[in-house]
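Here is the structure we will look at, set down as structure tokens.
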Amino acid sequence: MEQALAGLKVLDLSRVLAGPYATMILADMGADVLKIEMPVTGDDSRAFGPYIGGESSYFMSINRNKKSMTMNLKDEDSKAMFIELVKDADVVVENYRPGTMEKLGLGYDVLKEINPRLIYAASSGFGHTGPYSKRAAYDAVVQAMGGIMSITGELNGKPTKVGSSIADIIAGMYTSIGVLGALEYRNRTGKGQKVDVAMLDTQVSILENAIARYMATGVSPGPLGNRHPSIIPFESFDTKDGSIMIAAGNDALWAKLCNALGVPEIIEDERFITNPLRGENYDEMRPLVAKPFLDKTTKEWMDILNEVGVPNGPINKIGDVVKDPQIQAREMIVEVDHPVAGKMSMPGVPIKMSETQGSVRTPAPVLGQHTEDVLKGKFNLSDEEIQKLRDKGAI
């Protein structure tokens with residue numbers, strides 16, 4: 001099947017997570033992504049465990065479908081070759097601290113003169129403007145500064161980091177969206193542009209409910225555990241053998257839930273008849289709903305609630321998720337054969353497209369796996385010339 005971004009040439013200077021996640025999305029949809037890494041060490045995440053056969057499973061999980069070329073951009077020969085690659089590239093992605101590319105003489109103002117159609121995507125902690133612009137940032141720092149930690153955790157508990165690296169991942173998603181938007185603009189006008197994505201900005205963008213509540217009340221929300229702040233009941237309940245997540249998102253679902261639990265008398269109770277009233281009288285409502293759940297297992301309640309259409313689900317461990325029949329049916333766990341690590345599994349492509357379905361075609365590359373191919377194919381260099389570049393640390 002043809003892929004949506006087939007033929008798109010991406011030069012990926014990014015490392016660790018936000019930038020590589022963005023280019024992974026592009027690569028999954030068919031883009032030709034050349035990952036440019038420092039000689040010897042490569043992407044920082046190559047040193048992050050756990051390892052399979054000496055290769056980082058972290059790195060391999062987010063760098064599939066890419067090629068790897070080593071290049072030291074502080075070396076004048078490497079810089080000249082990079083500029084040649086830019087001339088016919090569609091996209092450059094980097095997630096250095098702002099100012100780094102400019103110090104190398106490779107900032108957007110330089111590259112756009114070389115290739116006016118170039119889309120230059122920069123993902124950084126705080127963006128290329130503002131008082132924090134030059135500060136370093138990692139996911140946990142941005143989660144703390146961006147507010148999401150303050151609303152995560154148990155009721156009255158301490159602020160808690162989200163289990164996934166959500167600041168990096170959301171920034172990566174927005175970066176890929178920005179690239180796609182810039183490509184559409186270029187298709188219409190022929191003009192490239194700079195895409196500037198800040199991790200902190202993207203964290204603020206996903207605080208939709210929390211910011212809305214603060215703006216309405218003037219009170220900063222705190223953590224509520226598994227409970228939704230505005231929709232009730234929308235939380236987890238203990239069962240006979242575990243727990244179950246319930247999402248009764250409107251009054252009709254509230255009625256179905258009460259009937260399924262065998263407490264139809266509280267449907268029309270004046271304290272609980274609307275969602276706002278259920279919120280006001282939450283402490284009285286919750287025990288009445290929670291008690292029946294203790295009489296049956298999670299599986300029994302899932303069957304009952306699925307039958308009547310009340311949204312629910314188990315609180316799965318990762319081991320449960322990867323074996324889930326729905327996850328498997330949607331090909332969300334795929335196996336690849338890495339040249340060093342061997343067979344390994346990773347998340348599949350979540351965007352399903354009827355005409356141009358993306359796929360995991362190749363495993364993550366070993367460091368510099370495609371360096372010679374590029375140097376010989378693009379620059380017609382001999383083995384001797386390549387060795388000279390290698391000897392002086394240019395590649």
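Residue numbering restarts at 1 in every chain; chains get A, B, ... in the order shown in the structure tokens, and ligands count up from 1 in that same order.
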So which residues touch range 256-272 of chain A within 12 Å, counting only C-alpha atoms, skipping near sequence neighbours fewer than 6 positions away, as a ChimeraX atom specification?
/A:232-234,239,246-250,278-296,300-312
Write to file, as a short mmCIF file (atom, residue, chain, number, x, y, z; two decimals), in the first residue's frame, the residues of the selection just made, with C-alpha atoms.
data_model
loop_
_atom_site.label_atom_id
_atom_site.label_comp_id
_atom_site.auth_asym_id
_atom_site.auth_seq_id
_atom_site.Cartn_x
_atom_site.Cartn_y
_atom_site.Cartn_z
CA ILE A 232 -20.06 12.15 38.19
CA PRO A 233 -19.78 9.20 38.63
CA PHE A 234 -16.65 9.02 36.52
CA THR A 239 -15.07 -4.87 43.13
CA ILE A 246 -16.80 3.67 35.32
CA ALA A 247 -17.67 6.63 33.08
CA ALA A 248 -21.35 7.57 33.44
CA GLY A 249 -21.00 10.71 31.37
CA ASN A 250 -24.62 11.89 31.30
CA ARG A 278 -24.37 14.66 42.02
CA GLY A 279 -21.29 16.83 42.33
CA GLU A 280 -22.75 18.89 45.15
CA ASN A 281 -23.85 15.76 47.01
CA TYR A 282 -20.93 13.55 46.05
CA ASP A 283 -20.15 12.38 49.59
CA GLU A 284 -23.72 11.08 49.99
CA MET A 285 -23.88 9.57 46.49
CA ARG A 286 -20.62 7.65 46.33
CA PRO A 287 -21.29 5.04 49.06
CA LEU A 288 -24.65 4.20 47.51
CA VAL A 289 -22.97 3.47 44.17
CA ALA A 290 -19.83 1.87 45.58
CA LYS A 291 -21.47 -0.74 47.82
CA PRO A 292 -23.07 -2.94 45.11
CA PHE A 293 -19.78 -3.22 43.21
CA LEU A 294 -18.33 -5.28 46.06
CA ASP A 295 -20.78 -8.12 45.40
CA LYS A 296 -19.35 -9.18 42.01
CA GLU A 300 -18.91 -9.91 36.04
CA TRP A 301 -19.52 -6.18 36.24
CA MET A 302 -17.89 -5.61 32.87
CA ASP A 303 -20.28 -8.10 31.26
CA ILE A 304 -23.30 -6.55 32.98
CA LEU A 305 -22.38 -2.95 32.15
CA ASN A 306 -21.34 -3.70 28.58
CA GLU A 307 -24.73 -5.31 28.04
CA VAL A 308 -26.55 -2.11 29.03
CA GLY A 309 -24.07 0.28 27.41
CA VAL A 310 -22.39 1.88 30.42
CA PRO A 311 -18.77 2.74 29.57
CA ASN A 312 -16.39 0.77 31.79
#
Near range 153-166 of chain A, within 7 Å and counting only C-alpha atoms, which residues show up once chain neighbours fewer than 4 positions away are dropped, as a PDB file with C-alpha atoms, in the first residue's frame?
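This went into out-v2.pdb:
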ATOM      1  CA  ASP A 139      10.133  15.948  30.617  1.00  0.00           C
ATOM      2  CA  ALA A 140       9.871  15.898  34.421  1.00  0.00           C
ATOM      3  CA  GLN A 143       5.534  18.370  33.854  1.00  0.00           C
ATOM      4  CA  MET A 149       1.760  17.298  38.270  1.00  0.00           C
ATOM      5  CA  ILE A 170       2.793  15.714  23.452  1.00  0.00           C
ATOM      6  CA  PRO A 223      -5.460  16.050  42.454  1.00  0.00           C
ATOM      7  CA  LEU A 224      -8.606  13.938  42.721  1.00  0.00           C
ATOM      8  CA  GLY A 225      -7.220  10.462  42.231  1.00  0.00           C
TER       9      GLY A 225
END
Write out as an MDAnalysis selection string all residues of range 195-330 of chain A that backbone DSSP assigns to strand (DSSP E).
chainID A and resid 195:198 234:238 243:247 312:314
Next, write the just-selected residues to a file, as a short mmCIF file (atom, residue, chain, number, x, y, z; two decimals), in the first residue's frame, keeping C-alpha atoms as the atom set.
data_model
loop_
_atom_site.label_atom_id
_atom_site.label_comp_id
_atom_site.auth_asym_id
_atom_site.auth_seq_id
_atom_site.Cartn_x
_atom_site.Cartn_y
_atom_site.Cartn_z
CA VAL A 195 7.72 25.51 13.24
CA ASP A 196 8.55 26.43 16.85
CA VAL A 197 7.09 24.04 19.46
CA ALA A 198 7.75 24.45 23.18
CA PHE A 234 -16.65 9.02 36.52
CA GLU A 235 -14.07 7.09 38.55
CA SER A 236 -12.90 3.69 39.73
CA PHE A 237 -14.75 1.48 42.22
CA ASP A 238 -13.57 -1.55 44.17
CA SER A 243 -11.46 -2.55 40.67
CA ILE A 244 -13.30 -1.18 37.65
CA MET A 245 -13.36 2.21 35.94
CA ILE A 246 -16.80 3.67 35.32
CA ALA A 247 -17.67 6.63 33.08
CA ASN A 312 -16.39 0.77 31.79
CA GLY A 313 -13.08 -1.02 31.80
CA PRO A 314 -10.54 -2.81 33.94
#
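For the pair CA of Tyr138 in chain A and CA of Gly178 in chain A, the interatomic distance is 20.9 Å.
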Top pick for closest residue to Arg135 in chain A, considering A:Ser61, A:Thr100, A:Thr23, A:Thr70 and counting only C-alpha atoms
A:Thr100
Which residues are near Glu385 in chain A? Cut-off 12 Å, only C-alpha atoms, ignore same chain within fewer than 4 positions. Put them as an NGL selection string.
:A and (77 or 372 or 375-376 or 379-381 or 389-392 or 394-395)
Pick from A:Ser176, A:Ser220, A:Asn226, A:Thr297 nearest to Thr152 in chain A, counting only C-alpha atoms
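Smallest distance to Thr152 in chain A is found for A:Asn226.
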Tell me, as a list in words, which residues lie within 8 Å of Ser123 in chain A, counting only C-alpha atoms; anything in the same chain fewer than 4 positions away does not count.
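Surrounding residues, per the criterion: Ala18, Gly19, Val93, Glu94, Asn95, Tyr96, Gly127, Ala171, Gly172, Thr175, Asp196, Val197, Ala198 and Met199 of chain A.
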Looking at A:Val340, A:Met1, A:Leu34, A:Met101, which one is nearest to Ser68 in chain A, with distances taken over only C-alpha atoms?
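Answer, going by the shortest atom-to-atom distance: A:Leu34.
Interatomic distance, CA of Ala31 in chain A against CA of Glu55 in chain A: 24.2 Å.
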In terms of the shortest atom-to-atom distance over only C-alpha atoms, which of A:Pro363, A:Gly49, A:Gly222, A:Pro131 is closest to Ile148 in chain A?
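Closest residue, counting only C-alpha atoms: A:Gly222.
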Which of these residues is nearest to Leu8 in chain A, using only C-alpha atoms: A:Leu183, A:Asp43, A:Lys103, A:Gly53?
A:Leu183
If you count only C-alpha atoms, which residues fall within 8 Å of Met29 in chain A, apart from same-chain ones fewer than 2 positions away, as a PDB file with C-alpha atoms, in the first residue's frame?
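Writing done, so here's result_16.pdb:
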ATOM      1  CA  GLN A   3       1.935   5.610   2.204  1.00  0.00           C
ATOM      2  CA  ALA A   4       0.761   9.157   2.859  1.00  0.00           C
ATOM      3  CA  LEU A   5       4.216  10.751   3.204  1.00  0.00           C
ATOM      4  CA  ALA A   6       6.115   8.597   0.704  1.00  0.00           C
ATOM      5  CA  ILE A  25       5.207   9.666  13.365  1.00  0.00           C
ATOM      6  CA  LEU A  26       6.374  11.022  10.004  1.00  0.00           C
ATOM      7  CA  ALA A  27       8.418   7.894   9.289  1.00  0.00           C
ATOM      8  CA  ALA A  31       8.586   9.710   5.157  1.00  0.00           C
ATOM      9  CA  THR A 356      -2.323   4.995   2.881  1.00  0.00           C
ATOM     10  CA  GLN A 357      -1.865   2.914   6.009  1.00  0.00           C
ATOM     11  CA  GLY A 358       1.414   3.539   7.795  1.00  0.00           C
ATOM     12  CA  SER A 359       3.469   0.646   9.086  1.00  0.00           C
TER      13      SER A 359
END
